file work.cif (mmCIF, C-alpha atoms)
data_data
#
loop_
_atom_site.group_PDB
_atom_site.id
_atom_site.type_symbol
_atom_site.label_atom_id
_atom_site.label_comp_id
_atom_site.auth_asym_id
_atom_site.auth_seq_id
_atom_site.Cartn_x
_atom_site.Cartn_y
_atom_site.Cartn_z
ATOM 1 C CA MET A 1 0.000 0.000 0.000
ATOM 2 C CA ASP A 2 2.802 2.413 0.830
ATOM 3 C CA ARG A 3 4.407 1.786 -2.565
ATOM 4 C CA LYS A 4 1.103 2.309 -4.386
ATOM 5 C CA ARG A 5 0.382 5.438 -2.419
ATOM 6 C CA ALA A 6 3.832 6.790 -3.228
ATOM 7 C CA LEU A 7 3.205 6.129 -6.916
ATOM 8 C CA TYR A 8 -0.133 7.954 -6.755
ATOM 9 C CA LEU A 9 1.468 10.913 -4.997
ATOM 10 C CA SER A 10 4.285 11.039 -7.546
ATOM 11 C CA ALA A 11 1.822 10.919 -10.419
ATOM 12 C CA GLY A 12 -0.209 13.680 -8.801
ATOM 13 C CA ALA A 13 2.867 15.847 -8.354
ATOM 14 C CA VAL A 14 3.815 15.343 -12.001
ATOM 15 C CA ALA A 15 0.289 16.257 -13.088
ATOM 16 C CA VAL A 16 0.307 19.418 -10.982
ATOM 17 C CA ALA A 17 3.731 20.397 -12.284
ATOM 18 C CA GLY A 18 2.566 19.783 -15.835
ATOM 19 C CA ALA A 19 -0.519 21.918 -15.273
ATOM 20 C CA VAL A 20 1.611 24.754 -13.870
ATOM 21 C CA VAL A 21 3.963 24.587 -16.868
ATOM 22 C CA GLY A 22 0.966 24.536 -19.195
ATOM 23 C CA LEU A 23 -0.590 27.580 -17.539
ATOM 24 C CA ARG A 24 2.687 29.471 -17.707
ATOM 25 C CA ALA A 25 3.012 28.644 -21.402
ATOM 26 C CA ALA A 26 -0.560 29.764 -22.047
ATOM 27 C CA ALA A 27 0.130 33.062 -20.286
ATOM 28 C CA ARG A 28 3.338 33.820 -22.187
ATOM 29 C CA PRO A 29 3.033 36.957 -24.350
ATOM 30 C CA ALA A 30 4.943 37.856 -27.498
ATOM 31 C CA PRO A 31 8.009 40.030 -26.786
ATOM 32 C CA ILE A 32 7.531 43.636 -27.854
ATOM 33 C CA GLY A 33 11.227 44.289 -28.548
ATOM 34 C CA GLU A 34 11.876 47.526 -30.419
ATOM 35 C CA GLY A 35 8.105 47.939 -30.773
ATOM 36 C CA VAL A 36 8.072 49.502 -27.314
ATOM 37 C CA LYS A 37 9.193 52.700 -29.047
ATOM 38 C CA ARG A 38 5.641 53.002 -30.379
ATOM 39 C CA LEU A 39 4.691 53.872 -26.798
ATOM 40 C CA ARG A 40 6.846 56.952 -27.188
ATOM 41 C CA VAL A 41 5.294 59.011 -24.402
ATOM 42 C CA ARG A 42 4.659 57.853 -20.846
ATOM 43 C CA TYR A 43 1.285 59.479 -20.234
ATOM 44 C CA TYR A 44 -1.907 58.893 -22.228
ATOM 45 C CA ALA A 45 -5.065 60.897 -21.577
ATOM 46 C CA HIS A 46 -7.983 58.526 -20.958
ATOM 47 C CA ARG A 47 -10.612 59.291 -23.632
ATOM 48 C CA GLY A 48 -8.802 62.566 -24.255
ATOM 49 C CA LEU A 49 -8.183 65.446 -21.863
ATOM 50 C CA TRP A 50 -11.792 65.846 -20.760
ATOM 51 C CA ASN A 51 -13.238 67.821 -17.877
ATOM 52 C CA ALA A 52 -16.550 69.253 -16.635
ATOM 53 C CA GLU A 53 -16.938 71.387 -19.772
ATOM 54 C CA VAL A 54 -15.244 69.121 -22.323
ATOM 55 C CA PRO A 55 -16.768 65.633 -22.697
ATOM 56 C CA GLU A 56 -14.820 62.400 -22.976
ATOM 57 C CA ASN A 57 -14.017 60.984 -26.421
ATOM 58 C CA SER A 58 -14.759 64.312 -28.080
ATOM 59 C CA MET A 59 -12.829 66.261 -30.680
ATOM 60 C CA ALA A 60 -12.267 69.008 -28.094
ATOM 61 C CA ALA A 61 -10.836 66.532 -25.550
ATOM 62 C CA PHE A 62 -8.465 65.093 -28.138
ATOM 63 C CA ALA A 63 -7.345 68.545 -29.267
ATOM 64 C CA LEU A 64 -6.535 69.520 -25.669
ATOM 65 C CA ALA A 65 -4.537 66.333 -25.079
ATOM 66 C CA ALA A 66 -2.531 66.755 -28.286
ATOM 67 C CA ALA A 67 -1.824 70.419 -27.534
ATOM 68 C CA ALA A 68 -0.565 69.495 -24.045
ATOM 69 C CA GLY A 69 1.841 66.912 -25.466
ATOM 70 C CA TYR A 70 0.095 63.858 -24.019
ATOM 71 C CA GLY A 71 -0.700 60.644 -25.799
ATOM 72 C CA ILE A 72 -4.371 59.801 -26.282
ATOM 73 C CA GLU A 73 -6.343 56.680 -25.367
ATOM 74 C CA LEU A 74 -9.661 56.270 -27.179
ATOM 75 C CA ASP A 75 -12.377 53.710 -27.925
ATOM 76 C CA LEU A 76 -13.634 52.442 -31.289
ATOM 77 C CA GLN A 77 -16.954 50.888 -32.284
ATOM 78 C CA LEU A 78 -19.027 50.371 -35.428
ATOM 79 C CA ASP A 79 -22.350 52.136 -35.887
ATOM 80 C CA ALA A 80 -25.274 50.453 -37.654
ATOM 81 C CA ASP A 81 -23.969 51.646 -41.032
ATOM 82 C CA GLY A 82 -20.481 50.268 -40.481
ATOM 83 C CA ASN A 83 -18.732 53.567 -39.733
ATOM 84 C CA VAL A 84 -15.864 53.480 -37.221
ATOM 85 C CA VAL A 85 -16.789 55.945 -34.489
ATOM 86 C CA VAL A 86 -15.143 56.961 -31.208
ATOM 87 C CA PHE A 87 -17.355 56.152 -28.220
ATOM 88 C CA HIS A 88 -16.891 54.106 -25.051
ATOM 89 C CA ASP A 89 -20.244 52.714 -23.872
ATOM 90 C CA ASP A 90 -22.321 50.113 -25.689
ATOM 91 C CA ASP A 91 -25.383 52.186 -24.821
ATOM 92 C CA LEU A 92 -25.747 55.824 -25.851
ATOM 93 C CA PHE A 93 -27.791 57.043 -22.886
ATOM 94 C CA ARG A 94 -25.098 58.036 -20.355
ATOM 95 C CA MET A 95 -23.329 60.412 -22.702
ATOM 96 C CA THR A 96 -26.144 61.566 -25.012
ATOM 97 C CA GLY A 97 -29.505 60.944 -23.316
ATOM 98 C CA TYR A 98 -30.588 58.850 -26.321
ATOM 99 C CA ARG A 99 -31.897 55.387 -25.551
ATOM 100 C CA GLY A 100 -30.339 52.816 -27.808
ATOM 101 C CA ARG A 101 -27.188 50.844 -28.535
ATOM 102 C CA LEU A 102 -24.580 52.549 -30.647
ATOM 103 C CA SER A 103 -24.145 49.481 -32.853
ATOM 104 C CA ASP A 104 -27.869 49.545 -33.698
ATOM 105 C CA THR A 105 -28.009 53.280 -34.420
ATOM 106 C CA PRO A 106 -27.513 54.641 -37.962
ATOM 107 C CA ALA A 107 -25.100 57.459 -38.729
ATOM 108 C CA ALA A 108 -27.931 59.866 -39.542
ATOM 109 C CA VAL A 109 -29.198 59.607 -35.953
ATOM 110 C CA LEU A 110 -25.734 59.699 -34.362
ATOM 111 C CA LYS A 111 -24.999 62.978 -36.129
ATOM 112 C CA THR A 112 -27.869 64.628 -34.263
ATOM 113 C CA LEU A 113 -26.662 63.575 -30.813
ATOM 114 C CA ARG A 114 -24.534 65.736 -28.526
ATOM 115 C CA LEU A 115 -22.161 64.646 -25.791
ATOM 116 C CA ALA A 116 -23.005 65.536 -22.182
ATOM 117 C CA GLY A 117 -25.130 68.534 -23.122
ATOM 118 C CA THR A 118 -22.338 70.290 -25.047
ATOM 119 C CA GLU A 119 -21.993 71.133 -28.726
ATOM 120 C CA GLN A 120 -19.613 68.208 -29.182
ATOM 121 C CA GLY A 121 -20.828 65.258 -31.246
ATOM 122 C CA ILE A 122 -19.741 61.629 -31.568
ATOM 123 C CA PRO A 123 -16.647 61.776 -33.801
ATOM 124 C CA LEU A 124 -15.714 59.559 -36.700
ATOM 125 C CA PHE A 125 -12.326 57.928 -36.180
ATOM 126 C CA SER A 126 -11.166 59.300 -39.534
ATOM 127 C CA LYS A 127 -11.799 62.854 -38.325
ATOM 128 C CA VAL A 128 -9.936 62.250 -35.084
ATOM 129 C CA LEU A 129 -6.893 61.022 -37.011
ATOM 130 C CA GLU A 130 -6.929 64.209 -39.076
ATOM 131 C CA LEU A 131 -7.216 66.333 -35.930
ATOM 132 C CA VAL A 132 -4.496 64.802 -33.763
ATOM 133 C CA ASP A 133 -1.901 64.734 -36.555
ATOM 134 C CA THR A 134 1.070 62.862 -35.054
ATOM 135 C CA ALA A 135 -0.063 62.512 -31.420
ATOM 136 C CA PRO A 136 0.641 58.966 -30.155
ATOM 137 C CA LEU A 137 -2.480 56.841 -29.708
ATOM 138 C CA ILE A 138 -3.582 53.835 -27.668
ATOM 139 C CA ILE A 139 -6.612 52.570 -29.565
ATOM 140 C CA GLU A 140 -9.087 50.273 -27.818
ATOM 141 C CA LEU A 141 -11.296 48.205 -30.106
ATOM 142 C CA LYS A 142 -14.502 47.304 -28.288
ATOM 143 C CA THR A 143 -15.922 43.787 -28.239
ATOM 144 C CA THR A 144 -18.477 43.192 -30.988
ATOM 145 C CA PRO A 145 -19.853 40.273 -33.036
ATOM 146 C CA ARG A 146 -18.571 42.290 -36.035
ATOM 147 C CA TYR A 147 -15.024 42.329 -34.695
ATOM 148 C CA ARG A 148 -13.437 41.314 -38.007
ATOM 149 C CA GLU A 149 -15.119 44.240 -39.759
ATOM 150 C CA LEU A 150 -14.009 46.604 -36.991
ATOM 151 C CA CYS A 151 -10.417 45.358 -37.218
ATOM 152 C CA GLU A 152 -10.284 45.608 -41.013
ATOM 153 C CA LYS A 153 -11.740 49.113 -41.129
ATOM 154 C CA THR A 154 -9.573 50.356 -38.284
ATOM 155 C CA LEU A 155 -6.438 49.061 -39.981
ATOM 156 C CA ALA A 156 -7.439 50.685 -43.276
ATOM 157 C CA LEU A 157 -8.033 54.059 -41.605
ATOM 158 C CA LEU A 158 -4.652 53.904 -39.882
ATOM 159 C CA GLY A 159 -2.901 53.400 -43.211
ATOM 160 C CA ASN A 160 -2.425 57.130 -43.737
ATOM 161 C CA PHE A 161 -1.762 58.075 -40.103
ATOM 162 C CA SER A 162 1.802 59.274 -39.579
ATOM 163 C CA GLY A 163 1.829 59.159 -35.783
ATOM 164 C CA ASP A 164 2.747 56.281 -33.486
ATOM 165 C CA TYR A 165 -0.088 54.043 -32.382
ATOM 166 C CA VAL A 166 -0.831 50.716 -30.732
ATOM 167 C CA VAL A 167 -4.075 48.776 -30.511
ATOM 168 C CA GLU A 168 -5.614 46.947 -27.559
ATOM 169 C CA SER A 169 -8.784 45.109 -26.618
ATOM 170 C CA PHE A 170 -10.421 43.091 -23.872
ATOM 171 C CA ASP A 171 -11.438 40.705 -26.662
ATOM 172 C CA PRO A 172 -8.590 38.243 -27.348
ATOM 173 C CA ARG A 173 -10.089 37.532 -30.786
ATOM 174 C CA ILE A 174 -9.315 41.122 -31.772
ATOM 175 C CA VAL A 175 -5.751 40.921 -30.438
ATOM 176 C CA ALA A 176 -5.275 37.612 -32.274
ATOM 177 C CA TRP A 177 -6.653 39.133 -35.497
ATOM 178 C CA PHE A 178 -3.894 41.742 -35.481
ATOM 179 C CA ALA A 179 -1.283 39.097 -34.612
ATOM 180 C CA ARG A 180 -2.272 37.095 -37.707
ATOM 181 C CA ARG A 181 -3.366 39.740 -40.207
ATOM 182 C CA ALA A 182 -1.301 42.798 -39.258
ATOM 183 C CA PRO A 183 1.727 41.671 -37.236
ATOM 184 C CA HIS A 184 3.440 45.020 -37.888
ATOM 185 C CA VAL A 185 0.856 46.686 -35.592
ATOM 186 C CA ILE A 186 1.806 46.585 -31.909
ATOM 187 C CA ARG A 187 -1.067 44.887 -30.068
ATOM 188 C CA GLY A 188 -2.037 44.610 -26.416
ATOM 189 C CA GLN A 189 -4.374 42.611 -24.196
ATOM 190 C CA LEU A 190 -6.549 44.596 -21.810
ATOM 191 C CA VAL A 191 -7.042 42.950 -18.418
ATOM 192 C CA GLY A 192 -8.870 43.994 -15.277
ATOM 193 C CA ARG A 193 -9.893 42.595 -11.942
ATOM 194 C CA PRO A 194 -12.559 39.890 -12.271
ATOM 195 C CA HIS A 195 -16.110 41.139 -11.921
ATOM 196 C CA GLY A 196 -19.440 40.717 -13.647
ATOM 197 C CA THR A 197 -23.135 40.294 -13.121
ATOM 198 C CA SER A 198 -23.056 36.670 -14.290
ATOM 199 C CA ALA A 199 -20.810 33.667 -13.797
ATOM 200 C CA VAL A 200 -19.900 33.778 -17.490
ATOM 201 C CA ALA A 201 -18.878 37.452 -17.354
ATOM 202 C CA TYR A 202 -16.862 36.874 -14.195
ATOM 203 C CA GLY A 203 -15.221 33.802 -15.727
ATOM 204 C CA LYS A 204 -14.127 35.718 -18.814
ATOM 205 C CA ARG A 205 -12.518 38.453 -16.738
ATOM 206 C CA TRP A 206 -10.815 35.825 -14.549
ATOM 207 C CA LEU A 207 -9.320 34.090 -17.595
ATOM 208 C CA LEU A 208 -8.044 37.416 -18.881
ATOM 209 C CA SER A 209 -6.614 38.419 -15.502
ATOM 210 C CA LYS A 210 -4.578 35.187 -15.508
ATOM 211 C CA MET A 211 -3.496 35.835 -19.141
ATOM 212 C CA LEU A 212 -4.762 32.390 -20.147
ATOM 213 C CA THR A 213 -5.686 33.628 -23.630
ATOM 214 C CA ASN A 214 -2.185 34.892 -24.413
ATOM 215 C CA ARG A 215 -1.207 31.753 -26.325
ATOM 216 C CA ILE A 216 -3.978 32.537 -28.826
ATOM 217 C CA ALA A 217 -3.877 36.337 -28.781
ATOM 218 C CA ARG A 218 -0.065 36.771 -28.632
ATOM 219 C CA PRO A 219 -0.140 40.298 -27.138
ATOM 220 C CA GLN A 220 3.029 42.372 -27.119
ATOM 221 C CA PHE A 221 1.891 44.515 -24.229
ATOM 222 C CA ILE A 222 -0.460 44.025 -21.297
ATOM 223 C CA ALA A 223 -2.772 46.934 -20.472
ATOM 224 C CA CYS A 224 -3.689 46.120 -16.902
ATOM 225 C CA GLU A 225 -5.856 47.765 -14.309
ATOM 226 C CA LYS A 226 -3.436 49.523 -11.979
ATOM 227 C CA GLU A 227 -4.370 47.213 -9.075
ATOM 228 C CA LEU A 228 -2.964 44.249 -11.053
ATOM 229 C CA LEU A 229 0.384 45.857 -11.796
ATOM 230 C CA ASP A 230 2.262 44.027 -9.046
ATOM 231 C CA THR A 231 0.606 40.619 -9.484
ATOM 232 C CA PRO A 232 2.764 37.582 -10.340
ATOM 233 C CA THR A 233 1.053 37.145 -13.724
ATOM 234 C CA VAL A 234 1.742 40.706 -14.880
ATOM 235 C CA ARG A 235 5.315 40.584 -13.560
ATOM 236 C CA SER A 236 5.817 37.304 -15.417
ATOM 237 C CA CYS A 237 4.605 38.863 -18.676
ATOM 238 C CA LYS A 238 7.030 41.746 -18.210
ATOM 239 C CA ARG A 239 9.922 39.330 -17.653
ATOM 240 C CA ALA A 240 8.887 37.522 -20.842
ATOM 241 C CA GLY A 241 9.364 40.722 -22.815
ATOM 242 C CA ALA A 242 5.919 42.337 -22.902
ATOM 243 C CA ALA A 243 5.488 46.045 -22.223
ATOM 244 C CA ILE A 244 3.072 47.050 -19.456
ATOM 245 C CA VAL A 245 0.495 49.840 -19.631
ATOM 246 C CA ALA A 246 -1.320 50.738 -16.389
ATOM 247 C CA TRP A 247 -4.880 52.138 -16.269
ATOM 248 C CA THR A 248 -6.544 54.307 -15.059
ATOM 249 C CA THR A 249 -4.753 56.593 -12.578
ATOM 250 C CA ARG A 250 -6.774 59.499 -11.181
ATOM 251 C CA THR A 251 -4.307 61.143 -8.788
ATOM 252 C CA PRO A 252 -0.553 61.849 -8.744
ATOM 253 C CA VAL A 253 -0.242 59.357 -5.881
ATOM 254 C CA GLU A 254 -1.782 56.578 -7.987
ATOM 255 C CA CYS A 255 0.492 57.559 -10.840
ATOM 256 C CA ALA A 256 3.596 57.357 -8.654
ATOM 257 C CA ALA A 257 2.611 53.809 -7.669
ATOM 258 C CA CYS A 258 2.815 52.771 -11.346
ATOM 259 C CA GLU A 259 6.552 53.278 -11.685
ATOM 260 C CA ALA A 260 6.976 49.727 -13.012
ATOM 261 C CA ALA A 261 4.711 50.421 -16.005
ATOM 262 C CA ASP A 262 6.061 51.478 -19.395
ATOM 263 C CA ALA A 263 3.104 53.825 -19.919
ATOM 264 C CA VAL A 264 0.275 55.173 -17.775
ATOM 265 C CA ILE A 265 -3.299 56.070 -18.756
ATOM 266 C CA PHE A 266 -4.656 58.922 -16.645
ATOM 267 C CA GLU A 267 -7.661 61.186 -16.076
ATOM 268 C CA ASN A 268 -8.709 64.039 -13.729
ATOM 269 C CA TYR A 269 -5.176 65.380 -13.186
ATOM 270 C CA LEU A 270 -2.187 66.509 -15.263
ATOM 271 C CA PRO A 271 0.890 64.320 -14.851
ATOM 272 C CA THR A 272 4.347 65.813 -15.296
#
call {"tool": "encode", "arguments": {"input": "work.cif", "output": "structure tokens"}}
result
Amino acid sequence: MDRKRALYLSAGAVAVAGAVVGLRAAARPAPIGEGVKRLRVRYYAHRGLWNAEVPENSMAAFALAAAAGYGIELDLQLDADGNVVVFHDDDLFRMTGYRGRLSDTPAAVLKTLRLAGTEQGIPLFSKVLELVDTAPLIIELKTTPRYRELCEKTLALLGNFSGDYVVESFDPRIVAWFARRAPHVIRGQLVGRPHGTSAVAYGKRWLLSKMLTNRIARPQFIACEKELLDTPTVRSCKRAGAAIVAWTTRTPVECAACEAADAVIFENYLPT
């Protein structure tokens, strides 16, 4: 019995060790190498340099960020007509008062909407690229069933942009699309602390927080919620050659705590 038990214990230890090695392999990113130069500034204004008078993800917010010398983080989605527009939420209500999903709303309706009671409208990505000129961008592509269309159109629009940019997404399918179809574009996996209103939503965020989709997505940088910056998984990705982007800092104190990051996304203060 002792011999059999020892064999069982040895087999169990081998299985556990194999599982650990497998998880580490699954979490391994693609090294960013010289591509880290695309993150050529340290600070990126979250949805532009917005404030009480200037709404997030607006042309005015992007103009202010570019003029101040900051990089810009922004969000891309497709409207019902297939236009690439800059907007964060799935639903339009919080920022415009209009009840409806952006992806279901045609361009003719979107053009009539205003952001947060100002004169600013929902911008086309093409217009933002013209406005910001060479300002460095971190471009988040939002999750959508039409993710291939969003990726293709985003890549096409970036073809004439002369500034530095990287792309990122919570959706590993989007990151993997760029790895396969546009490997010259620096790509990142967004990760945050697990949460969600359903077990499925929580499970997806947990998988991402452990980087278990990296083998498929092959990200070159990890854009992590600032609270995850010092976790073993993020540190392991950095050792493996990935760059680290921390989000979203809202005070100088929070910013100072992100010293280990290669770039920092901020809002509500002006980092120096």
call {"tool": "closest_residue", "arguments": {"input": "work.cif", "among": "A:Phe62, A:Cys237, A:Lys153, A:Tyr147", "to": "A:Gly188", "atoms": "all atoms listed in the file"}}
result
A:Cys237
call {"tool": "residues_around", "arguments": {"input": "work.cif", "residues": "A:Arg215", "least_positions_apart": "3", "cutoff": "9 Å", "atoms": "only C-alpha atoms", "output": "PyMOL selection string"}}
result
chain A and resi 25-30+211-212+218-219
call {"tool": "resolve_selection", "arguments": {"input": "work.cif", "expression": "the PyMOL selection byres ((chain A and resi 83) around 12)", "output": "PDB file with C-alpha atoms, in the coordinates of the input"}}
result
ATOM      1  CA  LEU A  76     -13.634  52.442 -31.289  1.00  0.00           C
ATOM      2  CA  GLN A  77     -16.954  50.888 -32.284  1.00  0.00           C
ATOM      3  CA  LEU A  78     -19.027  50.371 -35.428  1.00  0.00           C
ATOM      4  CA  ASP A  79     -22.350  52.136 -35.887  1.00  0.00           C
ATOM      5  CA  ALA A  80     -25.274  50.453 -37.654  1.00  0.00           C
ATOM      6  CA  ASP A  81     -23.969  51.646 -41.032  1.00  0.00           C
ATOM      7  CA  GLY A  82     -20.481  50.268 -40.481  1.00  0.00           C
ATOM      8  CA  VAL A  84     -15.864  53.480 -37.221  1.00  0.00           C
ATOM      9  CA  VAL A  85     -16.789  55.945 -34.489  1.00  0.00           C
ATOM     10  CA  VAL A  86     -15.143  56.961 -31.208  1.00  0.00           C
ATOM     11  CA  PHE A  87     -17.355  56.152 -28.220  1.00  0.00           C
ATOM     12  CA  LEU A 102     -24.580  52.549 -30.647  1.00  0.00           C
ATOM     13  CA  SER A 103     -24.145  49.481 -32.853  1.00  0.00           C
ATOM     14  CA  ASP A 104     -27.869  49.545 -33.698  1.00  0.00           C
ATOM     15  CA  THR A 105     -28.009  53.280 -34.420  1.00  0.00           C
ATOM     16  CA  PRO A 106     -27.513  54.641 -37.962  1.00  0.00           C
ATOM     17  CA  ALA A 107     -25.100  57.459 -38.729  1.00  0.00           C
ATOM     18  CA  ALA A 108     -27.931  59.866 -39.542  1.00  0.00           C
ATOM     19  CA  LEU A 110     -25.734  59.699 -34.362  1.00  0.00           C
ATOM     20  CA  LYS A 111     -24.999  62.978 -36.129  1.00  0.00           C
ATOM     21  CA  ILE A 122     -19.741  61.629 -31.568  1.00  0.00           C
ATOM     22  CA  PRO A 123     -16.647  61.776 -33.801  1.00  0.00           C
ATOM     23  CA  LEU A 124     -15.714  59.559 -36.700  1.00  0.00           C
ATOM     24  CA  PHE A 125     -12.326  57.928 -36.180  1.00  0.00           C
ATOM     25  CA  SER A 126     -11.166  59.300 -39.534  1.00  0.00           C
ATOM     26  CA  LYS A 127     -11.799  62.854 -38.325  1.00  0.00           C
ATOM     27  CA  ARG A 146     -18.571  42.290 -36.035  1.00  0.00           C
ATOM     28  CA  GLU A 149     -15.119  44.240 -39.759  1.00  0.00           C
ATOM     29  CA  LEU A 150     -14.009  46.604 -36.991  1.00  0.00           C
ATOM     30  CA  CYS A 151     -10.417  45.358 -37.218  1.00  0.00           C
ATOM     31  CA  GLU A 152     -10.284  45.608 -41.013  1.00  0.00           C
ATOM     32  CA  LYS A 153     -11.740  49.113 -41.129  1.00  0.00           C
ATOM     33  CA  THR A 154      -9.573  50.356 -38.284  1.00  0.00           C
ATOM     34  CA  LEU A 157      -8.033  54.059 -41.605  1.00  0.00           C
TER      35      LEU A 157
END
call {"tool": "residues_around", "arguments": {"input": "work.cif", "residues": "A:Ala217", "least_positions_apart": "4", "cutoff": "8 Å", "atoms": "only C-alpha atoms", "output": "number ranges by chain"}}
result
A: 172-177, 179, 189, 213
call {"tool": "resolve_selection", "arguments": {"input": "work.cif", "expression": "the PyMOL selection byres ((chain A and resi 91-97) around 8)", "output": "PyMOL selection string"}}
result
chain A and resi 89-90+98-102+113-117
call {"tool": "write_last_selection", "arguments": {"input": "work.cif", "atoms": "C-alpha atoms", "output": "short mmCIF file (atom, residue, chain, number, x, y, z; two decimals), in the frame of the given file"}}
result
data_model
loop_
_atom_site.label_atom_id
_atom_site.label_comp_id
_atom_site.auth_asym_id
_atom_site.auth_seq_id
_atom_site.Cartn_x
_atom_site.Cartn_y
_atom_site.Cartn_z
CA ASP A 89 -20.24 52.71 -23.87
CA ASP A 90 -22.32 50.11 -25.69
CA TYR A 98 -30.59 58.85 -26.32
CA ARG A 99 -31.90 55.39 -25.55
CA GLY A 100 -30.34 52.82 -27.81
CA ARG A 101 -27.19 50.84 -28.54
CA LEU A 102 -24.58 52.55 -30.65
CA LEU A 113 -26.66 63.58 -30.81
CA ARG A 114 -24.53 65.74 -28.53
CA LEU A 115 -22.16 64.65 -25.79
CA ALA A 116 -23.00 65.54 -22.18
CA GLY A 117 -25.13 68.53 -23.12
#
call {"tool": "closest_atom_pairs", "arguments": {"input": "work.cif", "of": "stretch 155-249 of chain A", "to": "stretch 33-48 of chain A", "cutoff": "10 Å", "atoms": "only C-alpha atoms", "output": "tab-separated table"}}
result
residue	atom	partner	partner_atom	distance
A:Gly163	CA	A:Arg38	CA	9.0
A:Asp164	CA	A:Arg38	CA	5.4
A:Tyr165	CA	A:Arg38	CA	6.2
A:Val166	CA	A:Arg38	CA	6.9
A:His184	CA	A:Gly35	CA	9.0
A:Val185	CA	A:Gly35	CA	8.8
A:Ile186	CA	A:Gly35	CA	6.5
A:Arg187	CA	A:Gly35	CA	9.7
A:Gln220	CA	A:Gly35	CA	8.4
A:Phe221	CA	A:Val36	CA	8.5
A:Gly241	CA	A:Gly33	CA	7.0
A:Ala242	CA	A:Gly33	CA	8.0
A:Ala243	CA	A:Val36	CA	6.7
A:Ile244	CA	A:Val36	CA	9.6
A:Val245	CA	A:Arg42	CA	9.1
A:Ala246	CA	A:Tyr43	CA	9.9
A:Trp247	CA	A:His46	CA	8.5
A:Thr248	CA	A:His46	CA	7.4
A:Thr249	CA	A:His46	CA	9.2
call {"tool": "atom_distance", "arguments": {"input": "work.cif", "atom1": "atom CA of A:Val200", "atom2": "atom CA of A:Glu227"}}
result
22.2 Å
call {"tool": "atom_distance", "arguments": {"input": "work.cif", "atom1": "atom CA of A:Glu56", "atom2": "atom CA of A:Ala182"}}
result
28.8 Å
call {"tool": "closest_residue", "arguments": {"input": "work.cif", "among": "A:Phe170, A:Asp230, A:Ala240, A:Arg235", "to": "A:Leu207", "atoms": "all atoms listed in the file"}}
result
A:Phe170
call {"tool": "resolve_selection", "arguments": {"input": "work.cif", "expression": "the PyMOL selection byres ((chain A and resi 132-134) around 10)", "output": "list in words"}}
result
Met59, Phe62, Ala63, Leu64, Ala65, Ala66, Ala67, Gly71, Ile72, Lys127, Val128, Leu129, Glu130, Leu131, Ala135, Pro136, Leu137, Phe161, Ser162, Gly163, Asp164 and Tyr165 of chain A
call {"tool": "axis_aligned_box", "arguments": {"input": "work.cif", "around": "stretch 49-57 of chain A", "padding_each_side": "8 Å", "output": "JSON"}}
result
{"center_x": -12.6, "center_y": 66.2, "center_z": -21.5, "size_x": 24.8, "size_y": 26.4, "size_z": 25.8}
call {"tool": "atom_distance", "arguments": {"input": "work.cif", "atom1": "atom CA of A:Leu229", "atom2": "atom CA of A:Ala261"}}
result
7.6 Å
call {"tool": "residues_around", "arguments": {"input": "work.cif", "residues": "A:Asn51", "least_positions_apart": "6", "cutoff": "10 Å", "atoms": "all atoms listed in the file", "output": "ChimeraX atom specification"}}
result
/A:61,267-269
call {"tool": "closest_residue", "arguments": {"input": "work.cif", "among": "A:Ala156, A:Trp206, A:Leu141, A:Ala263", "to": "A:Glu168", "atoms": "all atoms listed in the file"}}
result
A:Leu141
